[in-house]
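Heads up: the structure comes next, in structure tokens.
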Amino acid sequence: MATVAPTPAPAAQRAGSFENTLKSAKTSLMFSETLRLAIDSFKASKTRFLLTMLGMVIGSASIILVVTLGLTGKDYALSLISSIGPNMIEMQFNGGSVAGPDNTSTPDYMTNADMDAVNASVQGIIASSPMLEFHDRISMGSGLTKDAMLLGVSPQYKQVRNLKVLRGRFFDDQDAMAHAKVAVIVEPLARALFGGAEGAVGNTLTVSGIPFLVVGVFKESVETFGQSEISDQTILIPYSVARYFTGTDTVKQIFFTVGTSAQVEPAAKRILEIIKSRHRATSVYTAFTLTQVLKVMAQIATMLTIVLTLAAAITLIVSGVGIMNSMLANVQARIREIGIRKALGATRHEILMQFLTESIFLSLCGGVIGTLIGLAVPLSVTFLTPFKIPVSGWSAVIALLTSVIVGVIFGTLPARRAAELDPVATLKYE
């Protein structure tokens with residue numbers, strides 16, 4: 001089989017390709033020469049350039065450290081709020097009534113059966129507890145009496161609300177099934193009645209003539225300052241016992257906890273649907289979660305971080321002014337050099353790029369050093385201590401980009417002044 005010789009490329013095409021190659025080589029050579037001149041200029045005036053660069057180092061490090069502090073504060077605030085009840089869903093009765101046989105109406109409260117129905121139907125629930133609230137006067141053997149708020153809850157309430165037991169224990173399922181007369185009291189009440197948590201465990205409280213053995217002292221993981229259902233006079237007793245004091249098994253609140261934060265909102269919606277389906281259509285119930293609170297706190301923390309970052313960026317602007325002053329002085333000191341380069345054929349664009357490259361090089365070097373210092377501090381804390389400090393890679397990117405931008409903006413004026421110098425006047429300059 002005969003082979004077909006390749007068609008030679010047209011002469012114009014070959015010439016165009018050669019010109020493009022030559023142009024690329026020339027551009028590459030010009031850039032390398034410009035970079036070499038920038039490095040030589042830096043070596044010739046090390047002290048001045050290092051002092052000018054110091055502002056960029058401080059500014060870049062400040063941006064990273066401010067972002068790191070903002071993220072750390074954000075994580076700390078969110079963890080505090082979450083510890084009120086990790087992945088908690090609180091069902092609340094808000095209104096509605098049921099007509100009785102004697103034409104009287106009673107509130108359409110939730111019941112323990114509602115909680116059982118939810119537990120059987122909603123996936124992801126790992127703990128739940130009804131809450132039956134009533135107030136009574138308690139007394140001790142010494143004759144001291146005090147008003148207190150008693151909450152009838154299940155043993156899982158401790159897990160739902162993330163309570164910390166300071167002394168003794170929390171009542172368990174066996175206590176609830178046996179209708180044991182046991183109580184767990186909040187720390188401020190233990191101090192008021194027994195002088196502290198140590199003296200409270202093992203003592204007896206009397207509620208409506210019925211003695212309760214104090215088996216534990218607890219506190220909330222985060223102080224809610226009375227904004228939750230727990231106050232400074234709270235006593236927790238088994239729900240199975242509390243219902244005999246009120247004569248009913250209806251409750252205004254039921255607490256649930258799901259396995260992950262991603263399950264909170266879907267589970268809350270499903271729980272609300274189930275409870276509404278088991279009551280009158282006119283009754284009102286709400287599912288309260290910490291999701292919205294966490295979102296608002298995250299937004300506030302993010303805005304504060306942005307504001308502080310912008311404040312730190314002002315340092316870079318001040319550093320940019322220092323770079324411009326240094327480059328103007330550099331141009332003034334090298335007027336004769338500029339004249340010689342122009343006499344040898346350097347174009348206005350080449351002179352402009354030379355001094356602009358020096359400005360960017362100076363600014364970027366300061367940004368790189370500042371970024372390394374800014375990252376080294378939180379990473380050292382993370383590796384050398386048990387504390388985990390969040391580090392944002394974007395903060396490093398922002399610091400470096402800002403350094404380049406500052407170098408371009410504040411280096412343009414000196415570079416243009418150097419490029420516009422008259423070659424004849426520069427050669428006569430002494």
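Ordering of the structure tokens sets the chain letters (A, B, ...); residue numbers start at 1 within each chain; ligands are numbered from 1 in the order shown.
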
Where does stretch 307-395 of chain A meet stretch 45-58 of chain A within 7 Å, residue by residue, with the nearest atom pair and distance in Å to one decimal for each, counting only C-alpha atoms, listed by chain and rising number, as CSV?
residue,atom,partner,partner_atom,distance
A:Leu316,CA,A:Met56,CA,5.8
A:Ser319,CA,A:Gly55,CA,4.8
A:Gly322,CA,A:Thr52,CA,6.1
A:Ile323,CA,A:Thr52,CA,6.0
A:Leu362,CA,A:Met53,CA,6.4
A:Ser363,CA,A:Met56,CA,6.4
A:Gly366,CA,A:Val57,CA,4.6
A:Gly367,CA,A:Val57,CA,5.6
A:Ile369,CA,A:Val57,CA,5.9
A:Gly370,CA,A:Val57,CA,3.9

**Request:** Mind checking which residues fall within 7 Å of stretch 260-272 of chain A, counting only C-alpha atoms, ignoring those fewer than 3 positions away in the same chain, and posting them as a ChimeraX atom specification?
**Result:** /A:87,89,118,122,275-276,286-287

Closest-contact table, stretch 118-137 of chain A side, partner stretch 189-212 of chain A, 12 Å, counting only C-alpha atoms, as JSON lines:
{"residue": "A:Phe134", "atom": "CA", "partner": "A:Val207", "partner_atom": "CA", "distance": 11.3}
{"residue": "A:His135", "atom": "CA", "partner": "A:Val207", "partner_atom": "CA", "distance": 10.0}
{"residue": "A:Asp136", "atom": "CA", "partner": "A:Val207", "partner_atom": "CA", "distance": 7.0}
{"residue": "A:Arg137", "atom": "CA", "partner": "A:Val207", "partner_atom": "CA", "distance": 6.6}

Take the residues just selected and output them with all heavy atoms as a PDB file, in the first residue's frame.
ATOM      1  N   PHE A 134     -45.384  20.790  89.652  1.00  0.00           N
ATOM      2  CA  PHE A 134     -46.285  21.283  90.688  1.00  0.00           C
ATOM      3  C   PHE A 134     -45.451  21.918  91.792  1.00  0.00           C
ATOM      4  O   PHE A 134     -44.257  21.668  91.930  1.00  0.00           O
ATOM      5  CB  PHE A 134     -47.180  20.168  91.239  1.00  0.00           C
ATOM      6  CG  PHE A 134     -46.439  19.069  91.959  1.00  0.00           C
ATOM      7  CD1 PHE A 134     -46.360  19.048  93.345  1.00  0.00           C
ATOM      8  CD2 PHE A 134     -45.833  18.041  91.250  1.00  0.00           C
ATOM      9  CE1 PHE A 134     -45.697  18.038  94.018  1.00  0.00           C
ATOM     10  CE2 PHE A 134     -45.171  17.018  91.905  1.00  0.00           C
ATOM     11  CZ  PHE A 134     -45.093  17.014  93.287  1.00  0.00           C
ATOM     12  N   HIS A 135     -46.088  22.776  92.558  1.00  0.00           N
ATOM     13  CA  HIS A 135     -45.403  23.506  93.635  1.00  0.00           C
ATOM     14  C   HIS A 135     -45.973  23.065  94.982  1.00  0.00           C
ATOM     15  O   HIS A 135     -47.170  22.818  95.117  1.00  0.00           O
ATOM     16  CB  HIS A 135     -45.576  25.019  93.453  1.00  0.00           C
ATOM     17  CG  HIS A 135     -44.984  25.536  92.181  1.00  0.00           C
ATOM     18  ND1 HIS A 135     -43.754  26.144  92.135  1.00  0.00           N
ATOM     19  CD2 HIS A 135     -45.459  25.529  90.898  1.00  0.00           C
ATOM     20  CE1 HIS A 135     -43.489  26.500  90.883  1.00  0.00           C
ATOM     21  NE2 HIS A 135     -44.509  26.138  90.115  1.00  0.00           N
ATOM     22  N   ASP A 136     -45.093  22.982  95.971  1.00  0.00           N
ATOM     23  CA  ASP A 136     -45.527  22.563  97.299  1.00  0.00           C
ATOM     24  C   ASP A 136     -44.513  23.061  98.317  1.00  0.00           C
ATOM     25  O   ASP A 136     -43.420  23.512  97.953  1.00  0.00           O
ATOM     26  CB  ASP A 136     -45.650  21.033  97.371  1.00  0.00           C
ATOM     27  CG  ASP A 136     -46.677  20.588  98.403  1.00  0.00           C
ATOM     28  OD1 ASP A 136     -46.853  21.314  99.412  1.00  0.00           O
ATOM     29  OD2 ASP A 136     -47.296  19.524  98.197  1.00  0.00           O
ATOM     30  N   ARG A 137     -44.891  22.979  99.591  1.00  0.00           N
ATOM     31  CA  ARG A 137     -43.965  23.330 100.668  1.00  0.00           C
ATOM     32  C   ARG A 137     -43.312  22.048 101.155  1.00  0.00           C
ATOM     33  O   ARG A 137     -43.966  21.037 101.365  1.00  0.00           O
ATOM     34  CB  ARG A 137     -44.686  24.024 101.824  1.00  0.00           C
ATOM     35  CG  ARG A 137     -45.185  25.413 101.473  1.00  0.00           C
ATOM     36  CD  ARG A 137     -45.636  26.173 102.721  1.00  0.00           C
ATOM     37  NE  ARG A 137     -44.538  26.482 103.622  1.00  0.00           N
ATOM     38  CZ  ARG A 137     -43.707  27.519 103.473  1.00  0.00           C
ATOM     39  NH1 ARG A 137     -43.862  28.353 102.460  1.00  0.00           N
ATOM     40  NH2 ARG A 137     -42.737  27.736 104.345  1.00  0.00           N
TER      41      ARG A 137
END

**Item:** Test item, strand (DSSP E) assignment across stretch 175-330 of chain A, answer as JSON, numbers by chain
**Value:** {"A": [182, 183, 184, 185, 186, 204, 205, 206, 207, 210, 211, 212, 213, 214, 215, 216, 217, 218, 219, 234, 235, 236, 237, 238, 250, 251, 253, 254, 255, 256, 257, 258, 284, 285, 286, 287, 288, 289]}

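Comparing the minimum interatomic distances between A:Ala178 and each of A:Val241, A:Ala298, A:Met140, A:Met131, counting only C-alpha atoms, we find that A:Val241 sits nearest.
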
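Residues in contact with stretch 220-223 of chain A at 8 Å, where only C-alpha atoms are counted and same-chain residues fewer than 6 positions away are skipped, are listed as Leu80, Ile81, Ser83, Ile84, Arg161, Asn162, Leu163 and Lys164 of chain A.
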
Write out the residues from the selection above, keeping all heavy atoms, as a PDB file, in the first residue's frame.
ATOM      1  N   LEU A  80     -21.685  25.762  74.279  1.00  0.00           N
ATOM      2  CA  LEU A  80     -22.384  26.079  75.527  1.00  0.00           C
ATOM      3  C   LEU A  80     -23.893  25.953  75.353  1.00  0.00           C
ATOM      4  O   LEU A  80     -24.585  25.358  76.188  1.00  0.00           O
ATOM      5  CB  LEU A  80     -22.030  27.494  75.985  1.00  0.00           C
ATOM      6  CG  LEU A  80     -20.679  27.698  76.670  1.00  0.00           C
ATOM      7  CD1 LEU A  80     -20.513  29.149  77.074  1.00  0.00           C
ATOM      8  CD2 LEU A  80     -20.547  26.797  77.893  1.00  0.00           C
ATOM      9  N   ILE A  81     -24.406  26.527  74.260  1.00  0.00           N
ATOM     10  CA  ILE A  81     -25.851  26.451  74.027  1.00  0.00           C
ATOM     11  C   ILE A  81     -26.284  25.012  73.798  1.00  0.00           C
ATOM     12  O   ILE A  81     -27.314  24.565  74.313  1.00  0.00           O
ATOM     13  CB  ILE A  81     -26.235  27.337  72.829  1.00  0.00           C
ATOM     14  CG1 ILE A  81     -25.938  28.801  73.141  1.00  0.00           C
ATOM     15  CG2 ILE A  81     -27.712  27.179  72.490  1.00  0.00           C
ATOM     16  CD1 ILE A  81     -26.169  29.744  71.979  1.00  0.00           C
ATOM     17  N   SER A  83     -25.009  22.357  74.992  1.00  0.00           N
ATOM     18  CA  SER A  83     -24.937  21.550  76.201  1.00  0.00           C
ATOM     19  C   SER A  83     -26.172  21.701  77.082  1.00  0.00           C
ATOM     20  O   SER A  83     -26.341  20.956  78.048  1.00  0.00           O
ATOM     21  CB  SER A  83     -23.683  21.909  77.002  1.00  0.00           C
ATOM     22  OG  SER A  83     -23.702  23.266  77.388  1.00  0.00           O
ATOM     23  N   ILE A  84     -27.052  22.674  76.786  1.00  0.00           N
ATOM     24  CA  ILE A  84     -28.331  22.754  77.512  1.00  0.00           C
ATOM     25  C   ILE A  84     -29.111  21.468  77.322  1.00  0.00           C
ATOM     26  O   ILE A  84     -29.764  20.968  78.237  1.00  0.00           O
ATOM     27  CB  ILE A  84     -29.148  23.962  77.027  1.00  0.00           C
ATOM     28  CG1 ILE A  84     -28.446  25.262  77.409  1.00  0.00           C
ATOM     29  CG2 ILE A  84     -30.559  23.940  77.591  1.00  0.00           C
ATOM     30  CD1 ILE A  84     -29.123  26.505  76.882  1.00  0.00           C
ATOM     31  N   ARG A 161     -31.572  16.418  79.253  1.00  0.00           N
ATOM     32  CA  ARG A 161     -31.174  17.782  79.636  1.00  0.00           C
ATOM     33  C   ARG A 161     -29.702  17.911  79.960  1.00  0.00           C
ATOM     34  O   ARG A 161     -29.226  18.958  80.372  1.00  0.00           O
ATOM     35  CB  ARG A 161     -32.010  18.251  80.827  1.00  0.00           C
ATOM     36  CG  ARG A 161     -33.422  18.614  80.456  1.00  0.00           C
ATOM     37  CD  ARG A 161     -33.483  19.944  79.698  1.00  0.00           C
ATOM     38  NE  ARG A 161     -33.443  21.062  80.630  1.00  0.00           N
ATOM     39  CZ  ARG A 161     -32.416  21.861  80.814  1.00  0.00           C
ATOM     40  NH1 ARG A 161     -31.290  21.690  80.147  1.00  0.00           N
ATOM     41  NH2 ARG A 161     -32.466  22.851  81.685  1.00  0.00           N
ATOM     42  N   ASN A 162     -28.961  16.810  79.782  1.00  0.00           N
ATOM     43  CA  ASN A 162     -27.512  16.842  79.982  1.00  0.00           C
ATOM     44  C   ASN A 162     -27.152  17.368  81.366  1.00  0.00           C
ATOM     45  O   ASN A 162     -26.283  18.242  81.517  1.00  0.00           O
ATOM     46  CB  ASN A 162     -26.854  17.704  78.890  1.00  0.00           C
ATOM     47  CG  ASN A 162     -25.359  17.460  78.781  1.00  0.00           C
ATOM     48  OD1 ASN A 162     -24.877  16.366  79.082  1.00  0.00           O
ATOM     49  ND2 ASN A 162     -24.621  18.468  78.367  1.00  0.00           N
ATOM     50  N   LEU A 163     -27.817  16.850  82.371  1.00  0.00           N
ATOM     51  CA  LEU A 163     -27.590  17.298  83.750  1.00  0.00           C
ATOM     52  C   LEU A 163     -26.316  16.685  84.323  1.00  0.00           C
ATOM     53  O   LEU A 163     -25.928  15.573  83.962  1.00  0.00           O
ATOM     54  CB  LEU A 163     -28.786  16.921  84.629  1.00  0.00           C
ATOM     55  CG  LEU A 163     -30.147  17.478  84.203  1.00  0.00           C
ATOM     56  CD1 LEU A 163     -31.225  16.997  85.159  1.00  0.00           C
ATOM     57  CD2 LEU A 163     -30.124  19.003  84.148  1.00  0.00           C
ATOM     58  N   LYS A 164     -25.671  17.429  85.224  1.00  0.00           N
ATOM     59  CA  LYS A 164     -24.478  16.940  85.902  1.00  0.00           C
ATOM     60  C   LYS A 164     -24.815  16.604  87.353  1.00  0.00           C
ATOM     61  O   LYS A 164     -25.286  17.476  88.089  1.00  0.00           O
ATOM     62  CB  LYS A 164     -23.370  17.992  85.853  1.00  0.00           C
ATOM     63  CG  LYS A 164     -22.824  18.238  84.455  1.00  0.00           C
ATOM     64  CD  LYS A 164     -21.665  19.215  84.485  1.00  0.00           C
ATOM     65  CE  LYS A 164     -21.069  19.416  83.094  1.00  0.00           C
ATOM     66  NZ  LYS A 164     -19.930  20.373  83.118  1.00  0.00           N
TER      67      LYS A 164
END

Hey, what's within 9 Å of A:Val160 if we count only C-alpha atoms and toss same-chain stuff fewer than 3 positions away? As a PDB file with N, CA and C atoms, in the first residue's frame, please?
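Below you can see result32.pdb, which holds the result:
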ATOM      1  N   ILE A  84     -27.052  22.674  76.786  1.00  0.00           N
ATOM      2  CA  ILE A  84     -28.331  22.754  77.512  1.00  0.00           C
ATOM      3  C   ILE A  84     -29.111  21.468  77.322  1.00  0.00           C
ATOM      4  N   GLY A  85     -29.034  20.915  76.147  1.00  0.00           N
ATOM      5  CA  GLY A  85     -29.689  19.648  75.824  1.00  0.00           C
ATOM      6  C   GLY A  85     -29.303  19.258  74.420  1.00  0.00           C
ATOM      7  N   PRO A  86     -28.254  18.434  74.269  1.00  0.00           N
ATOM      8  CA  PRO A  86     -27.788  18.092  72.923  1.00  0.00           C
ATOM      9  C   PRO A  86     -28.893  17.450  72.092  1.00  0.00           C
ATOM     10  N   ASN A  87     -29.190  18.047  70.944  1.00  0.00           N
ATOM     11  CA  ASN A  87     -30.188  17.502  70.012  1.00  0.00           C
ATOM     12  C   ASN A  87     -31.556  17.333  70.684  1.00  0.00           C
ATOM     13  N   MET A  88     -31.901  18.286  71.537  1.00  0.00           N
ATOM     14  CA  MET A  88     -33.141  18.197  72.314  1.00  0.00           C
ATOM     15  C   MET A  88     -34.316  18.778  71.537  1.00  0.00           C
ATOM     16  N   ILE A  89     -35.472  18.150  71.710  1.00  0.00           N
ATOM     17  CA  ILE A  89     -36.743  18.637  71.170  1.00  0.00           C
ATOM     18  C   ILE A  89     -37.714  18.731  72.336  1.00  0.00           C
ATOM     19  N   ILE A 126     -33.403   8.734  71.104  1.00  0.00           N
ATOM     20  CA  ILE A 126     -32.603   7.914  72.008  1.00  0.00           C
ATOM     21  C   ILE A 126     -32.986   8.105  73.470  1.00  0.00           C
ATOM     22  N   ALA A 127     -33.760   9.126  73.772  1.00  0.00           N
ATOM     23  CA  ALA A 127     -34.202   9.349  75.154  1.00  0.00           C
ATOM     24  C   ALA A 127     -35.415  10.265  75.133  1.00  0.00           C
ATOM     25  N   SER A 128     -36.267  10.103  76.138  1.00  0.00           N
ATOM     26  CA  SER A 128     -37.462  10.945  76.240  1.00  0.00           C
ATOM     27  C   SER A 128     -37.913  10.995  77.687  1.00  0.00           C
ATOM     28  N   SER A 129     -38.640  12.062  77.998  1.00  0.00           N
ATOM     29  CA  SER A 129     -39.135  12.215  79.366  1.00  0.00           C
ATOM     30  C   SER A 129     -40.318  13.161  79.395  1.00  0.00           C
ATOM     31  N   GLN A 156     -34.642   9.175  82.164  1.00  0.00           N
ATOM     32  CA  GLN A 156     -33.953   9.635  80.959  1.00  0.00           C
ATOM     33  C   GLN A 156     -33.864  11.160  80.883  1.00  0.00           C
ATOM     34  N   TYR A 157     -34.546  11.833  81.783  1.00  0.00           N
ATOM     35  CA  TYR A 157     -34.492  13.294  81.801  1.00  0.00           C
ATOM     36  C   TYR A 157     -33.062  13.786  82.010  1.00  0.00           C
ATOM     37  N   LEU A 163     -27.817  16.850  82.371  1.00  0.00           N
ATOM     38  CA  LEU A 163     -27.590  17.298  83.750  1.00  0.00           C
ATOM     39  C   LEU A 163     -26.316  16.685  84.323  1.00  0.00           C
ATOM     40  N   PHE A 255     -40.028  15.993  76.667  1.00  0.00           N
ATOM     41  CA  PHE A 255     -38.698  16.195  76.104  1.00  0.00           C
ATOM     42  C   PHE A 255     -38.250  14.951  75.334  1.00  0.00           C
ATOM     43  N   PHE A 256     -37.589  15.191  74.200  1.00  0.00           N
ATOM     44  CA  PHE A 256     -37.022  14.112  73.394  1.00  0.00           C
ATOM     45  C   PHE A 256     -35.591  14.477  73.026  1.00  0.00           C
ATOM     46  N   THR A 257     -34.783  13.459  72.816  1.00  0.00           N
ATOM     47  CA  THR A 257     -33.421  13.649  72.310  1.00  0.00           C
ATOM     48  C   THR A 257     -33.193  12.676  71.171  1.00  0.00           C
TER      49      THR A 257
END

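Among the candidates A:Ile237, A:Leu290, A:Leu352, A:Leu364, the one nearest to A:Leu413 when counting only C-alpha atoms is A:Leu352.
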
**Message:** Applying 12 Å and only C-alpha atoms, which residues near A:Leu344 remain after dropping the ones on its own chain fewer than 5 positions away? List them as a ChimeraX atom specification.
**Reply:** /A:337-339,423,427

**Request:** as a PyMOL selection string, please: all residues of stretch 38-230 of chain A that backbone DSSP puts in alpha helix (DSSP H).
**Result:** chain A and resi 38-44+46-82+112-121+157-160+173-177+187-194+197-200

**Item:** Using only C-alpha atoms: which of A:Ile235, A:Ile125, A:Ile254, A:Ile63 has the shortest distance to A:Gln92
**Value:** A:Ile254

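Residues in contact with A:Ala176 at up to 10 Å, not including ones fewer than 3 positions away on its chain and judged by only C-alpha atoms, are Val153, Ser154, Pro155, Phe171, Asp172, Asp173, His179, Ala180, Lys181, Val182, Ile237, Pro238, Tyr239, Ser240 and Val241 of chain A.
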
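Taking atom CA of A:Asn112 as the reference point, atom CA of A:Pro130 is found at 6.6 Å.
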
**Distance query A:Pro414 at most 12 Å, only C-alpha atoms, self and fewer than 4 positions along chain excluded, as a ChimeraX atom specification** = /A:321,323-332,334-335,351-359,407-410,418-421
